[in-house]
Amino acid sequence: MAQVTLSFTALPEHVRTARLVAASAARRLGVDDEELVDTIRLAVGEACARAVSRSVTADHPGPVEVELAVEPGRLLVLVRDHAGEAPPVAGDSLSMTLVQGLATEVAIDHEPSGTSTLRLAWTVPSQPPAPALE
Amino acid sequence: MDLSVTSHEQGGRTVVEVGGEIDVYTAPVLRERLNDLVGDGHHHLIVDMEKVDFLDSTGLGVLVGGLKRVRSHDGSLRLVCTQEKILKVFRITGLTKVFPIHDTVEEAVSASTGAEGDAGEG
């Protein structure tokens, strides 16, 4: 179940907002490694920019939706657009190369309804074990 | 302002100092400024990224475009960048092999005039 959800009109100017929300949410959801927060910011930014570019190319107003959730040992991010069968945008392969290099898991789902979901996941350190009692 | 771009001449090269965030929203501004510089005859560019807080693939695309444009005029484009969070973006995409990246503007100017010749700027 998503713990933070953001929805925005498919315009480039809102991608920065999505990055800032993702970084803030990641910290609140338990990521205390700043380098990992930075990685998540970059990956979510990239995924949102891609969703916006797809929407603009398809002349679709959006929204683009971002969901962040944490489960034991994993941070999950979904970036969803409704651009449908958009033709590949210029720079898509560079964008996806970057995303794949940043996230532990990457997957894309296309639905017949025209919704496309990019799933990203990171392994996050679990809680250290409680000290043993003597 | 999310992005600032200024330029000055140094050692016969044009140093372009970029500050702020280069992303899908601001990258078109950088593209336009680089195109203007090349159009005005500045074919040996040094892009100083030391004050850049964020760079995404759109920004990379603009830098690659700039590199291709100056090369079509027998020019050059070098980068100055010591920030790990920015270098990471070049590294993951393999673009560290495409751009000469230096630690300081002085080093970049010196390498540029050495390698590309002391042609000077128009």
# chains A, B, ... in the order shown; residues from 1 in each chain; ligands from 1

call {"tool": "residues_around", "arguments": {"residues": "Gly91 (chain A)", "least_positions_apart": "4", "cutoff": "12 Å", "atoms": "only C-alpha atoms", "output": "PyMOL selection string"}}
result
(chain A and resi 46+49-50+53-54+95-98) or (chain B and resi 24+56-62+64-65+93)

call {"tool": "write_last_selection", "arguments": {"atoms": "N, CA, C and O atoms", "output": "mmCIF file, in the first residue's frame"}}
result
data_model
loop_
_atom_site.group_PDB
_atom_site.id
_atom_site.type_symbol
_atom_site.label_atom_id
_atom_site.label_comp_id
_atom_site.auth_asym_id
_atom_site.auth_seq_id
_atom_site.Cartn_x
_atom_site.Cartn_y
_atom_site.Cartn_z
ATOM 1 N N GLU A 46 14.297 11.064 -13.202
ATOM 2 C CA GLU A 46 14.443 10.501 -14.536
ATOM 3 C C GLU A 46 13.139 9.845 -14.981
ATOM 4 O O GLU A 46 12.671 10.054 -16.099
ATOM 5 N N ALA A 49 10.539 12.528 -15.638
ATOM 6 C CA ALA A 49 10.836 13.258 -16.877
ATOM 7 C C ALA A 49 10.418 12.419 -18.079
ATOM 8 O O ALA A 49 9.862 12.934 -19.061
ATOM 9 N N ARG A 50 10.654 11.134 -17.989
ATOM 10 C CA ARG A 50 10.271 10.224 -19.064
ATOM 11 C C ARG A 50 8.750 10.179 -19.209
ATOM 12 O O ARG A 50 8.222 10.246 -20.321
ATOM 13 N N SER A 53 7.675 13.434 -20.783
ATOM 14 C CA SER A 53 8.009 13.468 -22.218
ATOM 15 C C SER A 53 7.062 12.595 -23.029
ATOM 16 O O SER A 53 6.614 12.988 -24.111
ATOM 17 N N ARG A 54 6.757 11.408 -22.502
ATOM 18 C CA ARG A 54 5.810 10.512 -23.199
ATOM 19 C C ARG A 54 4.446 11.196 -23.322
ATOM 20 O O ARG A 54 3.791 11.139 -24.361
ATOM 21 N N SER A 95 17.924 7.667 -20.865
ATOM 22 C CA SER A 95 17.176 7.792 -19.631
ATOM 23 C C SER A 95 17.020 6.428 -18.945
ATOM 24 O O SER A 95 17.257 6.291 -17.743
ATOM 25 N N MET A 96 16.663 5.420 -19.721
ATOM 26 C CA MET A 96 16.475 4.075 -19.147
ATOM 27 C C MET A 96 17.805 3.468 -18.710
ATOM 28 O O MET A 96 17.869 2.745 -17.728
ATOM 29 N N THR A 97 18.879 3.763 -19.433
ATOM 30 C CA THR A 97 20.213 3.278 -19.015
ATOM 31 C C THR A 97 20.540 3.833 -17.636
ATOM 32 O O THR A 97 21.012 3.123 -16.746
ATOM 33 N N LEU A 98 20.267 5.111 -17.464
ATOM 34 C CA LEU A 98 20.537 5.769 -16.187
ATOM 35 C C LEU A 98 19.686 5.145 -15.069
ATOM 36 O O LEU A 98 20.208 4.778 -14.021
ATOM 37 N N VAL B 24 14.919 18.326 -17.190
ATOM 38 C CA VAL B 24 14.052 18.362 -18.363
ATOM 39 C C VAL B 24 13.437 19.757 -18.551
ATOM 40 O O VAL B 24 13.144 20.161 -19.673
ATOM 41 N N ASP B 56 20.272 15.578 -15.111
ATOM 42 C CA ASP B 56 19.569 14.363 -15.544
ATOM 43 C C ASP B 56 19.916 14.053 -17.000
ATOM 44 O O ASP B 56 20.773 14.723 -17.593
ATOM 45 N N SER B 57 19.240 13.073 -17.591
ATOM 46 C CA SER B 57 19.614 12.634 -18.939
ATOM 47 C C SER B 57 19.304 13.698 -19.992
ATOM 48 O O SER B 57 19.955 13.757 -21.033
ATOM 49 N N THR B 58 18.331 14.573 -19.699
ATOM 50 C CA THR B 58 18.060 15.667 -20.643
ATOM 51 C C THR B 58 19.273 16.584 -20.696
ATOM 52 O O THR B 58 19.680 17.042 -21.771
ATOM 53 N N GLY B 59 19.848 16.847 -19.529
ATOM 54 C CA GLY B 59 21.059 17.657 -19.450
ATOM 55 C C GLY B 59 22.220 16.991 -20.167
ATOM 56 O O GLY B 59 22.987 17.648 -20.881
ATOM 57 N N LEU B 60 22.358 15.693 -19.990
ATOM 58 C CA LEU B 60 23.400 14.948 -20.701
ATOM 59 C C LEU B 60 23.216 15.113 -22.201
ATOM 60 O O LEU B 60 24.171 15.334 -22.948
ATOM 61 N N GLY B 61 21.964 14.997 -22.639
ATOM 62 C CA GLY B 61 21.658 15.130 -24.065
ATOM 63 C C GLY B 61 22.065 16.487 -24.613
ATOM 64 O O GLY B 61 22.584 16.599 -25.719
ATOM 65 N N VAL B 62 21.860 17.537 -23.812
ATOM 66 C CA VAL B 62 22.249 18.885 -24.238
ATOM 67 C C VAL B 62 23.765 18.992 -24.358
ATOM 68 O O VAL B 62 24.294 19.587 -25.297
ATOM 69 N N VAL B 64 25.869 16.495 -24.912
ATOM 70 C CA VAL B 64 26.264 15.697 -26.083
ATOM 71 C C VAL B 64 25.977 16.491 -27.363
ATOM 72 O O VAL B 64 26.801 16.536 -28.278
ATOM 73 N N GLY B 65 24.827 17.129 -27.397
ATOM 74 C CA GLY B 65 24.490 17.959 -28.556
ATOM 75 C C GLY B 65 25.498 19.077 -28.761
ATOM 76 O O GLY B 65 25.897 19.387 -29.885
ATOM 77 N N THR B 93 26.114 6.226 -17.435
ATOM 78 C CA THR B 93 25.702 6.218 -18.840
ATOM 79 C C THR B 93 26.872 5.989 -19.786
ATOM 80 O O THR B 93 26.693 5.970 -20.993
#

call {"tool": "select_by_dssp", "arguments": {"residues": "chain B", "states": "helix (DSSP H, G or I)", "output": "PyMOL selection string"}}
result
chain B and resi 27-39+57-71+84-92+95-97+105-115

call {"tool": "write_last_selection", "arguments": {"atoms": "C-alpha atoms", "output": "PDB file, in the first residue's frame"}}
result
ATOM      1  CA  ALA B  27      17.986  22.034 -20.072  1.00  0.00           C
ATOM      2  CA  PRO B  28      16.466  23.881 -23.074  1.00  0.00           C
ATOM      3  CA  VAL B  29      17.910  27.127 -21.680  1.00  0.00           C
ATOM      4  CA  LEU B  30      21.400  25.612 -21.550  1.00  0.00           C
ATOM      5  CA  ARG B  31      20.949  24.230 -25.071  1.00  0.00           C
ATOM      6  CA  GLU B  32      20.029  27.667 -26.379  1.00  0.00           C
ATOM      7  CA  ARG B  33      22.975  29.354 -24.641  1.00  0.00           C
ATOM      8  CA  LEU B  34      25.449  26.781 -25.971  1.00  0.00           C
ATOM      9  CA  ASN B  35      23.988  27.115 -29.478  1.00  0.00           C
ATOM     10  CA  ASP B  36      24.293  30.915 -29.266  1.00  0.00           C
ATOM     11  CA  LEU B  37      27.924  30.680 -28.204  1.00  0.00           C
ATOM     12  CA  VAL B  38      28.798  28.304 -31.024  1.00  0.00           C
ATOM     13  CA  GLY B  39      26.850  30.467 -33.458  1.00  0.00           C
ATOM     14  CA  SER B  57      19.614  12.634 -18.939  1.00  0.00           C
ATOM     15  CA  THR B  58      18.060  15.667 -20.643  1.00  0.00           C
ATOM     16  CA  GLY B  59      21.059  17.657 -19.450  1.00  0.00           C
ATOM     17  CA  LEU B  60      23.400  14.948 -20.701  1.00  0.00           C
ATOM     18  CA  GLY B  61      21.658  15.130 -24.065  1.00  0.00           C
ATOM     19  CA  VAL B  62      22.249  18.885 -24.238  1.00  0.00           C
ATOM     20  CA  LEU B  63      25.952  18.442 -23.464  1.00  0.00           C
ATOM     21  CA  VAL B  64      26.264  15.697 -26.083  1.00  0.00           C
ATOM     22  CA  GLY B  65      24.490  17.959 -28.556  1.00  0.00           C
ATOM     23  CA  GLY B  66      26.920  20.753 -27.718  1.00  0.00           C
ATOM     24  CA  LEU B  67      29.865  18.439 -28.223  1.00  0.00           C
ATOM     25  CA  LYS B  68      28.616  17.381 -31.649  1.00  0.00           C
ATOM     26  CA  ARG B  69      27.979  20.972 -32.633  1.00  0.00           C
ATOM     27  CA  VAL B  70      31.467  22.242 -31.746  1.00  0.00           C
ATOM     28  CA  ARG B  71      33.053  19.212 -33.375  1.00  0.00           C
ATOM     29  CA  GLU B  84      30.714  12.765  -7.254  1.00  0.00           C
ATOM     30  CA  LYS B  85      26.920  13.084  -7.514  1.00  0.00           C
ATOM     31  CA  ILE B  86      27.314  14.636 -10.992  1.00  0.00           C
ATOM     32  CA  LEU B  87      30.196  12.400 -12.117  1.00  0.00           C
ATOM     33  CA  LYS B  88      27.998   9.422 -11.227  1.00  0.00           C
ATOM     34  CA  VAL B  89      25.528  10.395 -13.952  1.00  0.00           C
ATOM     35  CA  PHE B  90      28.304  10.456 -16.590  1.00  0.00           C
ATOM     36  CA  ARG B  91      29.744   7.220 -15.301  1.00  0.00           C
ATOM     37  CA  ILE B  92      26.521   5.181 -15.287  1.00  0.00           C
ATOM     38  CA  LEU B  95      29.685   9.242 -21.043  1.00  0.00           C
ATOM     39  CA  THR B  96      32.927   9.586 -19.047  1.00  0.00           C
ATOM     40  CA  LYS B  97      34.471   8.052 -22.154  1.00  0.00           C
ATOM     41  CA  VAL B 105      39.087  25.289 -15.226  1.00  0.00           C
ATOM     42  CA  GLU B 106      42.832  26.006 -15.418  1.00  0.00           C
ATOM     43  CA  GLU B 107      43.564  22.357 -16.087  1.00  0.00           C
ATOM     44  CA  ALA B 108      40.860  22.200 -18.750  1.00  0.00           C
ATOM     45  CA  VAL B 109      42.125  25.365 -20.493  1.00  0.00           C
ATOM     46  CA  SER B 110      45.676  24.077 -20.419  1.00  0.00           C
ATOM     47  CA  ALA B 111      44.684  20.656 -21.775  1.00  0.00           C
ATOM     48  CA  SER B 112      42.517  22.277 -24.425  1.00  0.00           C
ATOM     49  CA  THR B 113      45.196  24.634 -25.722  1.00  0.00           C
ATOM     50  CA  GLY B 114      47.680  21.783 -25.621  1.00  0.00           C
ATOM     51  CA  ALA B 115      45.535  19.199 -27.371  1.00  0.00           C
TER      52      ALA B 115
END

call {"tool": "closest_atom_pairs", "arguments": {"of": "chain A", "to": "chain B", "cutoff": "12 Å", "atoms": "only C-alpha atoms", "output": "JSON lines"}}
result
{"residue": "A:Ala10", "atom": "CA", "partner": "B:Tyr25", "partner_atom": "CA", "distance": 11.7}
{"residue": "A:Leu11", "atom": "CA", "partner": "B:Tyr25", "partner_atom": "CA", "distance": 8.4}
{"residue": "A:Pro12", "atom": "CA", "partner": "B:Tyr25", "partner_atom": "CA", "distance": 4.8}
{"residue": "A:Glu13", "atom": "CA", "partner": "B:Tyr25", "partner_atom": "CA", "distance": 5.4}
{"residue": "A:His14", "atom": "CA", "partner": "B:Tyr25", "partner_atom": "CA", "distance": 8.4}
{"residue": "A:Val15", "atom": "CA", "partner": "B:Tyr25", "partner_atom": "CA", "distance": 7.8}
{"residue": "A:Arg16", "atom": "CA", "partner": "B:Asp23", "partner_atom": "CA", "distance": 8.0}
{"residue": "A:Thr17", "atom": "CA", "partner": "B:Tyr25", "partner_atom": "CA", "distance": 11.4}
{"residue": "A:Arg19", "atom": "CA", "partner": "B:Phe54", "partner_atom": "CA", "distance": 10.5}
{"residue": "A:Leu20", "atom": "CA", "partner": "B:Phe54", "partner_atom": "CA", "distance": 11.6}
{"residue": "A:Glu34", "atom": "CA", "partner": "B:Lys85", "partner_atom": "CA", "distance": 10.9}
{"residue": "A:Glu35", "atom": "CA", "partner": "B:Lys85", "partner_atom": "CA", "distance": 8.2}
{"residue": "A:Leu36", "atom": "CA", "partner": "B:Lys85", "partner_atom": "CA", "distance": 10.7}
{"residue": "A:Val37", "atom": "CA", "partner": "B:Lys85", "partner_atom": "CA", "distance": 11.2}
{"residue": "A:Asp38", "atom": "CA", "partner": "B:Lys85", "partner_atom": "CA", "distance": 7.7}
{"residue": "A:Thr39", "atom": "CA", "partner": "B:Lys85", "partner_atom": "CA", "distance": 8.5}
{"residue": "A:Ile40", "atom": "CA", "partner": "B:Lys85", "partner_atom": "CA", "distance": 11.9}
{"residue": "A:Arg41", "atom": "CA", "partner": "B:Phe54", "partner_atom": "CA", "distance": 9.6}
{"residue": "A:Leu42", "atom": "CA", "partner": "B:Asp56", "partner_atom": "CA", "distance": 7.1}
{"residue": "A:Ala43", "atom": "CA", "partner": "B:Asp56", "partner_atom": "CA", "distance": 8.9}
{"residue": "A:Val44", "atom": "CA", "partner": "B:Asp56", "partner_atom": "CA", "distance": 10.5}
{"residue": "A:Gly45", "atom": "CA", "partner": "B:Asp56", "partner_atom": "CA", "distance": 7.6}
{"residue": "A:Glu46", "atom": "CA", "partner": "B:Asp56", "partner_atom": "CA", "distance": 6.5}
{"residue": "A:Ala47", "atom": "CA", "partner": "B:Asp56", "partner_atom": "CA", "distance": 10.3}
{"residue": "A:Cys48", "atom": "CA", "partner": "B:Val24", "partner_atom": "CA", "distance": 9.6}
{"residue": "A:Ala49", "atom": "CA", "partner": "B:Val24", "partner_atom": "CA", "distance": 6.2}
{"residue": "A:Arg50", "atom": "CA", "partner": "B:Val24", "partner_atom": "CA", "distance": 9.0}
{"residue": "A:Ala51", "atom": "CA", "partner": "B:Val24", "partner_atom": "CA", "distance": 11.2}
{"residue": "A:Val52", "atom": "CA", "partner": "B:Val24", "partner_atom": "CA", "distance": 9.1}
{"residue": "A:Ser53", "atom": "CA", "partner": "B:Val24", "partner_atom": "CA", "distance": 8.7}
{"residue": "A:Val89", "atom": "CA", "partner": "B:Thr58", "partner_atom": "CA", "distance": 11.4}
{"residue": "A:Ala90", "atom": "CA", "partner": "B:Gly61", "partner_atom": "CA", "distance": 9.4}
{"residue": "A:Gly91", "atom": "CA", "partner": "B:Gly61", "partner_atom": "CA", "distance": 7.1}
{"residue": "A:Asp92", "atom": "CA", "partner": "B:Ser57", "partner_atom": "CA", "distance": 8.8}
{"residue": "A:Ser93", "atom": "CA", "partner": "B:Ser57", "partner_atom": "CA", "distance": 9.6}
{"residue": "A:Leu94", "atom": "CA", "partner": "B:Ser57", "partner_atom": "CA", "distance": 6.4}
{"residue": "A:Ser95", "atom": "CA", "partner": "B:Ser57", "partner_atom": "CA", "distance": 5.5}
{"residue": "A:Met96", "atom": "CA", "partner": "B:Ser57", "partner_atom": "CA", "distance": 9.1}
{"residue": "A:Thr97", "atom": "CA", "partner": "B:Thr93", "partner_atom": "CA", "distance": 6.2}
{"residue": "A:Leu98", "atom": "CA", "partner": "B:Thr93", "partner_atom": "CA", "distance": 5.8}
{"residue": "A:Val99", "atom": "CA", "partner": "B:Ile92", "partner_atom": "CA", "distance": 9.1}
{"residue": "A:Gln100", "atom": "CA", "partner": "B:Ile92", "partner_atom": "CA", "distance": 9.0}
{"residue": "A:Gly101", "atom": "CA", "partner": "B:Ile92", "partner_atom": "CA", "distance": 5.9}
{"residue": "A:Leu102", "atom": "CA", "partner": "B:Ile92", "partner_atom": "CA", "distance": 8.0}
{"residue": "A:Ala103", "atom": "CA", "partner": "B:Ile92", "partner_atom": "CA", "distance": 11.4}

call {"tool": "atom_distance", "arguments": {"atom1": "CA of Ile22 (chain B)", "atom2": "CA of Thr104 (chain B)"}}
result
20.0 Å

call {"tool": "atom_distance", "arguments": {"atom1": "CA of Arg74 (chain A)", "atom2": "CA of Ala26 (chain A)"}}
result
11.0 Å

call {"tool": "residues_around", "arguments": {"residues": "Cys81 (chain B)", "least_positions_apart": "4", "cutoff": "7 Å", "atoms": "only C-alpha atoms", "output": "list in words"}}
result
Asp48, Met49, Glu50, Leu87, Ile101, His102 and Asp103 of chain B

call {"tool": "atom_distance", "arguments": {"atom1": "CA of Val47 (chain B)", "atom2": "CA of Thr14 (chain B)"}}
result
8.4 Å

call {"tool": "closest_residue", "arguments": {"among": "A:Thr104, A:Thr123, A:Thr57, A:Ser24", "to": "Gly73 (chain A)", "atoms": "only C-alpha atoms"}}
result
A:Thr123

call {"tool": "select_by_dssp", "arguments": {"residues": "chain B", "states": "strand (DSSP E)", "output": "ChimeraX atom specification"}}
result
/B:3-10,13-22,44-55,76-80,101-102
